[in-house]
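Chemist: Sharing final-v5.cif (mmCIF, C-alpha atoms) below.
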```cif
data_run
#
loop_
_atom_site.group_PDB
_atom_site.id
_atom_site.type_symbol
_atom_site.label_atom_id
_atom_site.label_comp_id
_atom_site.auth_asym_id
_atom_site.auth_seq_id
_atom_site.Cartn_x
_atom_site.Cartn_y
_atom_site.Cartn_z
ATOM 1 C CA MET V 1 20.806 -79.629 -13.436
ATOM 2 C CA GLY V 2 19.502 -76.501 -15.155
ATOM 3 C CA PHE V 3 17.359 -73.520 -14.221
ATOM 4 C CA ARG V 4 14.168 -71.712 -15.089
ATOM 5 C CA PHE V 5 12.745 -68.190 -14.583
ATOM 6 C CA ALA V 6 9.842 -66.070 -15.820
ATOM 7 C CA GLU V 7 9.949 -62.485 -17.080
ATOM 8 C CA THR V 8 7.501 -59.880 -18.374
ATOM 9 C CA MET V 9 8.543 -56.992 -20.609
ATOM 10 C CA ALA V 10 6.067 -54.249 -21.543
ATOM 11 C CA GLY V 11 6.075 -51.008 -23.466
ATOM 12 C CA THR V 12 5.106 -49.805 -26.910
ATOM 13 C CA ILE V 13 5.409 -50.781 -30.534
ATOM 14 C CA GLU V 14 5.414 -48.488 -33.549
ATOM 15 C CA TRP V 15 4.665 -50.206 -36.843
ATOM 16 C CA ASP V 16 6.724 -49.029 -39.807
ATOM 17 C CA ALA V 17 3.539 -48.835 -41.912
ATOM 18 C CA HIS V 18 2.062 -46.294 -39.442
ATOM 19 C CA PRO V 19 4.880 -44.041 -38.186
ATOM 20 C CA GLY V 20 4.122 -41.992 -35.109
ATOM 21 C CA VAL V 21 1.321 -44.283 -33.919
ATOM 22 C CA GLN V 22 2.226 -46.319 -30.846
ATOM 23 C CA HIS V 23 0.413 -49.400 -29.601
ATOM 24 C CA PRO V 24 0.858 -51.199 -26.289
ATOM 25 C CA PHE V 25 3.224 -54.148 -26.566
ATOM 26 C CA SER V 26 4.295 -56.853 -24.127
ATOM 27 C CA PHE V 27 5.556 -60.370 -23.803
ATOM 28 C CA GLU V 28 5.618 -62.846 -20.956
ATOM 29 C CA VAL V 29 8.170 -65.632 -21.252
ATOM 30 C CA THR V 30 9.673 -68.460 -19.268
ATOM 31 C CA ALA V 31 13.367 -69.129 -19.856
ATOM 32 C CA GLU V 32 14.634 -72.636 -19.286
ATOM 33 C CA ALA V 33 18.078 -74.199 -19.543
ATOM 34 C CA ALA V 34 18.088 -77.983 -19.282
ATOM 35 C CA SER V 35 21.667 -78.052 -18.040
ATOM 36 C CA THR V 36 23.761 -75.476 -16.246
ATOM 37 C CA ARG V 37 26.861 -76.843 -17.956
ATOM 38 C CA GLY V 38 25.389 -76.336 -21.446
ATOM 39 C CA TYR V 39 24.190 -72.878 -20.475
ATOM 40 C CA LEU V 40 27.614 -71.895 -19.144
ATOM 41 C CA MET V 41 29.181 -72.907 -22.454
ATOM 42 C CA ASN V 42 26.931 -70.849 -24.750
ATOM 43 C CA GLY V 43 24.814 -68.628 -22.488
ATOM 44 C CA LYS V 44 21.599 -69.753 -24.205
ATOM 45 C CA ALA V 45 18.296 -70.815 -22.721
ATOM 46 C CA ALA V 46 14.995 -71.680 -24.405
ATOM 47 C CA LEU V 47 12.145 -69.163 -24.247
ATOM 48 C CA ARG V 48 8.449 -69.973 -24.345
ATOM 49 C CA GLY V 49 5.584 -67.599 -23.753
ATOM 50 C CA VAL V 50 3.084 -65.162 -25.208
ATOM 51 C CA VAL V 51 3.464 -61.969 -27.277
ATOM 52 C CA HIS V 52 0.871 -59.175 -27.327
ATOM 53 C CA ALA V 53 1.521 -57.076 -30.455
ATOM 54 C CA PRO V 54 -1.751 -55.455 -31.555
ATOM 55 C CA PRO V 55 -3.072 -55.350 -34.147
ATOM 56 C CA LEU V 56 -0.662 -57.934 -35.634
ATOM 57 C CA ALA V 57 -0.931 -60.608 -32.942
ATOM 58 C CA ASP V 58 -2.841 -60.484 -29.699
ATOM 59 C CA PRO V 59 -2.110 -62.861 -28.104
ATOM 60 C CA ALA V 60 0.309 -65.177 -29.899
ATOM 61 C CA ASP V 61 2.263 -68.138 -28.554
ATOM 62 C CA ALA V 62 6.005 -67.551 -28.873
ATOM 63 C CA ASP V 63 9.152 -69.706 -28.820
ATOM 64 C CA GLY V 64 12.791 -68.758 -29.073
ATOM 65 C CA THR V 65 16.041 -68.263 -27.236
ATOM 66 C CA ILE V 66 17.630 -65.885 -24.791
ATOM 67 C CA THR V 67 21.382 -65.401 -24.712
ATOM 68 C CA ILE V 68 22.567 -64.186 -21.330
ATOM 69 C CA ARG V 69 26.215 -63.031 -21.412
ATOM 70 C CA PRO V 70 26.363 -59.990 -19.081
ATOM 71 C CA ILE V 71 30.036 -60.374 -18.154
ATOM 72 C CA GLY V 72 32.029 -61.302 -21.277
ATOM 73 C CA GLU V 73 29.897 -59.948 -24.117
ATOM 74 C CA ARG V 74 27.793 -57.606 -21.961
ATOM 75 C CA ILE V 75 24.526 -58.573 -23.662
ATOM 76 C CA ILE V 76 21.175 -60.196 -23.030
ATOM 77 C CA ARG V 77 19.651 -61.036 -26.429
ATOM 78 C CA TYR V 78 16.078 -62.119 -27.115
ATOM 79 C CA GLU V 79 14.924 -63.940 -30.250
ATOM 80 C CA LEU V 80 11.231 -64.881 -30.188
ATOM 81 C CA GLN V 81 9.249 -66.338 -33.079
ATOM 82 C CA PHE V 82 5.459 -66.103 -33.182
ATOM 83 C CA GLU V 83 2.574 -66.406 -35.614
ATOM 84 C CA GLY V 84 0.528 -63.331 -36.397
ATOM 85 C CA ASP V 85 -3.245 -63.272 -36.606
ATOM 86 C CA ASP V 86 -2.703 -63.334 -40.397
ATOM 87 C CA GLY V 87 -1.058 -66.791 -40.176
ATOM 88 C CA LYS V 88 2.427 -65.488 -41.091
ATOM 89 C CA LEU V 89 5.553 -65.979 -38.994
ATOM 90 C CA TYR V 90 7.240 -63.053 -37.258
ATOM 91 C CA GLU V 91 10.237 -62.626 -35.000
ATOM 92 C CA LEU V 92 11.057 -60.271 -32.175
ATOM 93 C CA VAL V 93 14.793 -59.560 -32.011
ATOM 94 C CA GLY V 94 16.120 -57.375 -29.236
ATOM 95 C CA GLN V 95 19.186 -56.911 -27.102
ATOM 96 C CA LYS V 96 19.977 -55.393 -23.749
ATOM 97 C CA ASP V 97 23.470 -53.906 -23.943
ATOM 98 C CA ILE V 98 24.814 -54.109 -20.408
ATOM 99 C CA ARG V 99 26.576 -51.001 -19.137
ATOM 100 C CA TRP V 100 27.981 -51.428 -15.656
ATOM 101 C CA ARG V 101 27.830 -47.652 -15.057
ATOM 102 C CA ALA V 102 24.042 -47.841 -15.581
ATOM 103 C CA PRO V 103 23.080 -51.359 -14.462
ATOM 104 C CA LEU V 104 19.441 -50.681 -13.584
ATOM 105 C CA ARG V 105 18.618 -49.147 -16.965
ATOM 106 C CA SER V 106 20.684 -51.583 -19.020
ATOM 107 C CA PHE V 107 19.261 -54.692 -17.315
ATOM 108 C CA THR V 108 15.632 -53.508 -17.516
ATOM 109 C CA TYR V 109 15.337 -51.741 -20.911
ATOM 110 C CA LEU V 110 14.971 -53.763 -24.111
ATOM 111 C CA PRO V 111 14.806 -52.093 -27.522
ATOM 112 C CA ALA V 112 13.634 -54.585 -30.142
ATOM 113 C CA GLU V 113 12.442 -54.973 -33.692
ATOM 114 C CA ILE V 114 9.706 -57.101 -35.199
ATOM 115 C CA LEU V 115 10.780 -58.811 -38.426
ATOM 116 C CA ASP V 116 8.547 -60.444 -41.023
ATOM 117 C CA ASP V 117 9.137 -63.878 -42.556
ATOM 118 C CA GLU V 118 11.627 -62.331 -45.010
ATOM 119 C CA HIS V 119 13.602 -60.717 -42.142
ATOM 120 C CA ARG V 120 12.442 -57.197 -43.016
ATOM 121 C CA ARG V 121 11.781 -54.853 -40.128
ATOM 122 C CA ILE V 122 8.101 -54.030 -39.777
ATOM 123 C CA GLY V 123 8.037 -52.518 -36.288
ATOM 124 C CA VAL V 124 10.117 -51.090 -33.452
ATOM 125 C CA CYS V 125 9.472 -51.916 -29.787
ATOM 126 C CA LYS V 126 10.589 -50.115 -26.672
ATOM 127 C CA THR V 127 10.038 -52.332 -23.656
ATOM 128 C CA SER V 128 11.144 -52.445 -20.076
ATOM 129 C CA PHE V 129 10.971 -54.653 -17.052
ATOM 130 C CA ASN V 130 8.961 -52.998 -14.281
ATOM 131 C CA LEU V 131 11.157 -53.674 -11.261
ATOM 132 C CA ARG V 132 8.672 -52.288 -8.748
ATOM 133 C CA ARG V 133 5.716 -54.256 -10.062
ATOM 134 C CA ASP V 134 7.418 -57.477 -11.214
ATOM 135 C CA GLY V 135 10.762 -57.630 -9.391
ATOM 136 C CA TRP V 136 9.657 -59.863 -6.531
ATOM 137 C CA SER V 137 7.777 -62.325 -8.786
ATOM 138 C CA PHE V 138 10.795 -62.419 -11.123
ATOM 139 C CA LEU V 139 13.118 -63.369 -8.257
ATOM 140 C CA ARG V 140 10.646 -65.958 -6.940
ATOM 141 C CA SER V 141 10.388 -67.525 -10.394
ATOM 142 C CA PHE V 142 14.031 -68.710 -10.377
ATOM 143 C CA ARG V 143 14.046 -72.462 -9.928
ATOM 144 C CA PRO V 144 16.574 -75.220 -10.376
ATOM 145 C CA ARG V 145 15.507 -77.723 -12.972
#
```
Since I need it in another form, could you write the structure as structure tokens?
Modeler:
Amino acid sequence: MGFRFAETMAGTIEWDAHPGVQHPFSFEVTAEAASTRGYLMNGKAALRGVVHAPPLADPADADGTITIRPIGERIIRYELQFEGDDGKLYELVGQKDIRWRAPLRSFTYLPAEILDDEHRRIGVCKTSFNLRRDGWSFLRSFRPR
């Protein structure tokens, strides 16, 4: 038996080609682990969802992985691949570094980068999980699989 949950992260993106100009940025994903045993061994679950990264991609289907290791490694890492409106592949790579002295901030804030198909950074994202707005729906989304 595995599990599944849904999460929305929203904030801003600043493209390297246009420093100082921020655009709204968000992604909505569903994480799914087919087996709890497999998840417990590597901490990874599949991600599927949508990325909103104007003007590069809005919206774009996304697939990837989430690594959830808050105890041992103290991280939650996101790797999401998506296709831009230009037909090229991009990847969001971000990591929540868990600090037990600041659990609310470290579990809800995700700094990330957008990489092009040659793994060069082209943008920086600052996103967060809105606990007040989305906390209840996040908790309700947890399901055994």
Chemist: Output the residue selection produced by the PyMOL selection byres ((chain V and resi 81) around 6) on the file above, formatted as a list in words.
Modeler: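 On this input, the PyMOL selection byres ((chain V and resi 81) around 6) captures Ala62, Asp63, Gly64, Leu80, Phe82, Tyr90 and Glu91 of chain V.
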Chemist: Please identify all polymer residues within 7 Å of Glu32 in chain V, counting all atoms listed in the file, omitting same-chain residues fewer than 5 positions from it, and present them as a list of chain:residue names.
Modeler: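 Once the nearby chain positions are removed, what remains is V:Phe3, V:Arg4, V:Phe5, V:Ala45, V:Ala46, V:Leu47.
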Chemist: What's the separation between CA of Gly20 in chain V and CA of Ile76 in chain V, in Å to one decimal place?
Modeler: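 One can read the CA of Gly20 in chain V to CA of Ile76 in chain V distance as 27.7 Å.
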Chemist: Would you list the residues near (0.3, -57.5, -32.8), meaning any protein, DNA or RNA residue with an atom at most 10 Å from that point in file coordinates, counting only C-alpha atoms, as a PDB file with C-alpha atoms, in the frame of the given file?
Modeler:
```pdb
ATOM      1  CA  ILE V  13       5.409 -50.781 -30.534  1.00  0.00           C
ATOM      2  CA  TRP V  15       4.665 -50.206 -36.843  1.00  0.00           C
ATOM      3  CA  HIS V  23       0.413 -49.400 -29.601  1.00  0.00           C
ATOM      4  CA  PRO V  24       0.858 -51.199 -26.289  1.00  0.00           C
ATOM      5  CA  PHE V  25       3.224 -54.148 -26.566  1.00  0.00           C
ATOM      6  CA  SER V  26       4.295 -56.853 -24.127  1.00  0.00           C
ATOM      7  CA  VAL V  51       3.464 -61.969 -27.277  1.00  0.00           C
ATOM      8  CA  HIS V  52       0.871 -59.175 -27.327  1.00  0.00           C
ATOM      9  CA  ALA V  53       1.521 -57.076 -30.455  1.00  0.00           C
ATOM     10  CA  PRO V  54      -1.751 -55.455 -31.555  1.00  0.00           C
ATOM     11  CA  PRO V  55      -3.072 -55.350 -34.147  1.00  0.00           C
ATOM     12  CA  LEU V  56      -0.662 -57.934 -35.634  1.00  0.00           C
ATOM     13  CA  ALA V  57      -0.931 -60.608 -32.942  1.00  0.00           C
ATOM     14  CA  ASP V  58      -2.841 -60.484 -29.699  1.00  0.00           C
ATOM     15  CA  PRO V  59      -2.110 -62.861 -28.104  1.00  0.00           C
ATOM     16  CA  ALA V  60       0.309 -65.177 -29.899  1.00  0.00           C
ATOM     17  CA  GLU V  83       2.574 -66.406 -35.614  1.00  0.00           C
ATOM     18  CA  GLY V  84       0.528 -63.331 -36.397  1.00  0.00           C
ATOM     19  CA  ASP V  85      -3.245 -63.272 -36.606  1.00  0.00           C
ATOM     20  CA  TYR V  90       7.240 -63.053 -37.258  1.00  0.00           C
ATOM     21  CA  ILE V 114       9.706 -57.101 -35.199  1.00  0.00           C
ATOM     22  CA  GLY V 123       8.037 -52.518 -36.288  1.00  0.00           C
TER      23      GLY V 123
END
```
Chemist: Apply the PyMOL selection byres ((chain V and resi 34) around 7) to the structure shown and report the selected residues as a list in words.
Modeler: Met1, Gly2, Phe3, Glu32, Ala33, Ser35, Thr36 and Arg145 of chain V
Chemist: Nearest to Ala31 in chain V among V:Pro144, V:Asp117, V:Val93, V:Val124, with distances taken over only C-alpha atoms: which residue is it?
Modeler: V:Pro144
Chemist: Generate the coordinates of N, CA, C and O atoms for range 108-129 of chain V; report them as a PDB file, keeping the file's coordinate frame.
Modeler:
```pdb
ATOM      1  N   THR V 108      17.092 -53.534 -17.477  1.00  0.00           N
ATOM      2  CA  THR V 108      15.632 -53.508 -17.516  1.00  0.00           C
ATOM      3  C   THR V 108      15.049 -52.953 -18.815  1.00  0.00           C
ATOM      4  O   THR V 108      13.857 -53.117 -19.060  1.00  0.00           O
ATOM      5  N   TYR V 109      15.836 -52.325 -19.660  1.00  0.00           N
ATOM      6  CA  TYR V 109      15.337 -51.741 -20.911  1.00  0.00           C
ATOM      7  C   TYR V 109      15.723 -52.608 -22.095  1.00  0.00           C
ATOM      8  O   TYR V 109      16.887 -52.977 -22.247  1.00  0.00           O
ATOM      9  N   LEU V 110      14.732 -52.928 -22.931  1.00  0.00           N
ATOM     10  CA  LEU V 110      14.971 -53.763 -24.111  1.00  0.00           C
ATOM     11  C   LEU V 110      14.407 -53.087 -25.362  1.00  0.00           C
ATOM     12  O   LEU V 110      13.196 -53.075 -25.568  1.00  0.00           O
ATOM     13  N   PRO V 111      15.273 -52.532 -26.210  1.00  0.00           N
ATOM     14  CA  PRO V 111      14.806 -52.093 -27.522  1.00  0.00           C
ATOM     15  C   PRO V 111      14.766 -53.327 -28.427  1.00  0.00           C
ATOM     16  O   PRO V 111      15.619 -54.212 -28.327  1.00  0.00           O
ATOM     17  N   ALA V 112      13.769 -53.403 -29.288  1.00  0.00           N
ATOM     18  CA  ALA V 112      13.634 -54.585 -30.142  1.00  0.00           C
ATOM     19  C   ALA V 112      12.985 -54.208 -31.462  1.00  0.00           C
ATOM     20  O   ALA V 112      12.404 -53.125 -31.603  1.00  0.00           O
ATOM     21  N   GLU V 113      13.092 -55.121 -32.395  1.00  0.00           N
ATOM     22  CA  GLU V 113      12.442 -54.973 -33.692  1.00  0.00           C
ATOM     23  C   GLU V 113      11.576 -56.198 -33.948  1.00  0.00           C
ATOM     24  O   GLU V 113      11.883 -57.290 -33.480  1.00  0.00           O
ATOM     25  N   ILE V 114      10.513 -55.998 -34.707  1.00  0.00           N
ATOM     26  CA  ILE V 114       9.706 -57.101 -35.199  1.00  0.00           C
ATOM     27  C   ILE V 114      10.052 -57.266 -36.672  1.00  0.00           C
ATOM     28  O   ILE V 114      10.028 -56.293 -37.441  1.00  0.00           O
ATOM     29  N   LEU V 115      10.405 -58.495 -37.050  1.00  0.00           N
ATOM     30  CA  LEU V 115      10.780 -58.811 -38.426  1.00  0.00           C
ATOM     31  C   LEU V 115       9.710 -59.709 -39.039  1.00  0.00           C
ATOM     32  O   LEU V 115       9.127 -60.552 -38.346  1.00  0.00           O
ATOM     33  N   ASP V 116       9.488 -59.553 -40.350  1.00  0.00           N
ATOM     34  CA  ASP V 116       8.547 -60.444 -41.023  1.00  0.00           C
ATOM     35  C   ASP V 116       9.261 -61.721 -41.445  1.00  0.00           C
ATOM     36  O   ASP V 116      10.441 -61.913 -41.127  1.00  0.00           O
ATOM     37  N   ASP V 117       8.559 -62.577 -42.181  1.00  0.00           N
ATOM     38  CA  ASP V 117       9.137 -63.878 -42.556  1.00  0.00           C
ATOM     39  C   ASP V 117      10.260 -63.764 -43.583  1.00  0.00           C
ATOM     40  O   ASP V 117      10.922 -64.747 -43.885  1.00  0.00           O
ATOM     41  N   GLU V 118      10.494 -62.562 -44.106  1.00  0.00           N
ATOM     42  CA  GLU V 118      11.627 -62.331 -45.010  1.00  0.00           C
ATOM     43  C   GLU V 118      12.719 -61.518 -44.316  1.00  0.00           C
ATOM     44  O   GLU V 118      13.585 -60.947 -44.975  1.00  0.00           O
ATOM     45  N   HIS V 119      12.638 -61.418 -43.004  1.00  0.00           N
ATOM     46  CA  HIS V 119      13.602 -60.717 -42.142  1.00  0.00           C
ATOM     47  C   HIS V 119      13.667 -59.213 -42.418  1.00  0.00           C
ATOM     48  O   HIS V 119      14.708 -58.592 -42.227  1.00  0.00           O
ATOM     49  N   ARG V 120      12.545 -58.642 -42.852  1.00  0.00           N
ATOM     50  CA  ARG V 120      12.442 -57.197 -43.016  1.00  0.00           C
ATOM     51  C   ARG V 120      11.813 -56.620 -41.753  1.00  0.00           C
ATOM     52  O   ARG V 120      10.855 -57.179 -41.219  1.00  0.00           O
ATOM     53  N   ARG V 121      12.347 -55.500 -41.311  1.00  0.00           N
ATOM     54  CA  ARG V 121      11.781 -54.853 -40.128  1.00  0.00           C
ATOM     55  C   ARG V 121      10.408 -54.284 -40.463  1.00  0.00           C
ATOM     56  O   ARG V 121      10.242 -53.588 -41.456  1.00  0.00           O
ATOM     57  N   ILE V 122       9.440 -54.588 -39.575  1.00  0.00           N
ATOM     58  CA  ILE V 122       8.101 -54.030 -39.777  1.00  0.00           C
ATOM     59  C   ILE V 122       7.638 -53.222 -38.567  1.00  0.00           C
ATOM     60  O   ILE V 122       6.596 -52.579 -38.616  1.00  0.00           O
ATOM     61  N   GLY V 123       8.410 -53.273 -37.474  1.00  0.00           N
ATOM     62  CA  GLY V 123       8.037 -52.518 -36.288  1.00  0.00           C
ATOM     63  C   GLY V 123       9.188 -52.385 -35.317  1.00  0.00           C
ATOM     64  O   GLY V 123      10.135 -53.167 -35.351  1.00  0.00           O
ATOM     65  N   VAL V 124       9.095 -51.357 -34.468  1.00  0.00           N
ATOM     66  CA  VAL V 124      10.117 -51.090 -33.452  1.00  0.00           C
ATOM     67  C   VAL V 124       9.434 -51.073 -32.084  1.00  0.00           C
ATOM     68  O   VAL V 124       8.423 -50.393 -31.899  1.00  0.00           O
ATOM     69  N   CYS V 125      10.012 -51.827 -31.152  1.00  0.00           N
ATOM     70  CA  CYS V 125       9.472 -51.916 -29.787  1.00  0.00           C
ATOM     71  C   CYS V 125      10.417 -51.236 -28.809  1.00  0.00           C
ATOM     72  O   CYS V 125      11.643 -51.296 -28.975  1.00  0.00           O
ATOM     73  N   LYS V 126       9.832 -50.632 -27.810  1.00  0.00           N
ATOM     74  CA  LYS V 126      10.589 -50.115 -26.672  1.00  0.00           C
ATOM     75  C   LYS V 126       9.930 -50.721 -25.442  1.00  0.00           C
ATOM     76  O   LYS V 126       8.785 -50.383 -25.123  1.00  0.00           O
ATOM     77  N   THR V 127      10.626 -51.642 -24.799  1.00  0.00           N
ATOM     78  CA  THR V 127      10.038 -52.332 -23.656  1.00  0.00           C
ATOM     79  C   THR V 127      10.941 -52.220 -22.445  1.00  0.00           C
ATOM     80  O   THR V 127      12.139 -51.963 -22.567  1.00  0.00           O
ATOM     81  N   SER V 128      10.344 -52.440 -21.295  1.00  0.00           N
ATOM     82  CA  SER V 128      11.144 -52.445 -20.076  1.00  0.00           C
ATOM     83  C   SER V 128      10.531 -53.416 -19.077  1.00  0.00           C
ATOM     84  O   SER V 128       9.363 -53.794 -19.172  1.00  0.00           O
ATOM     85  N   PHE V 129      11.366 -53.802 -18.151  1.00  0.00           N
ATOM     86  CA  PHE V 129      10.971 -54.653 -17.052  1.00  0.00           C
ATOM     87  C   PHE V 129      10.618 -53.737 -15.890  1.00  0.00           C
ATOM     88  O   PHE V 129      11.437 -52.906 -15.493  1.00  0.00           O
TER      89      PHE V 129
END
```
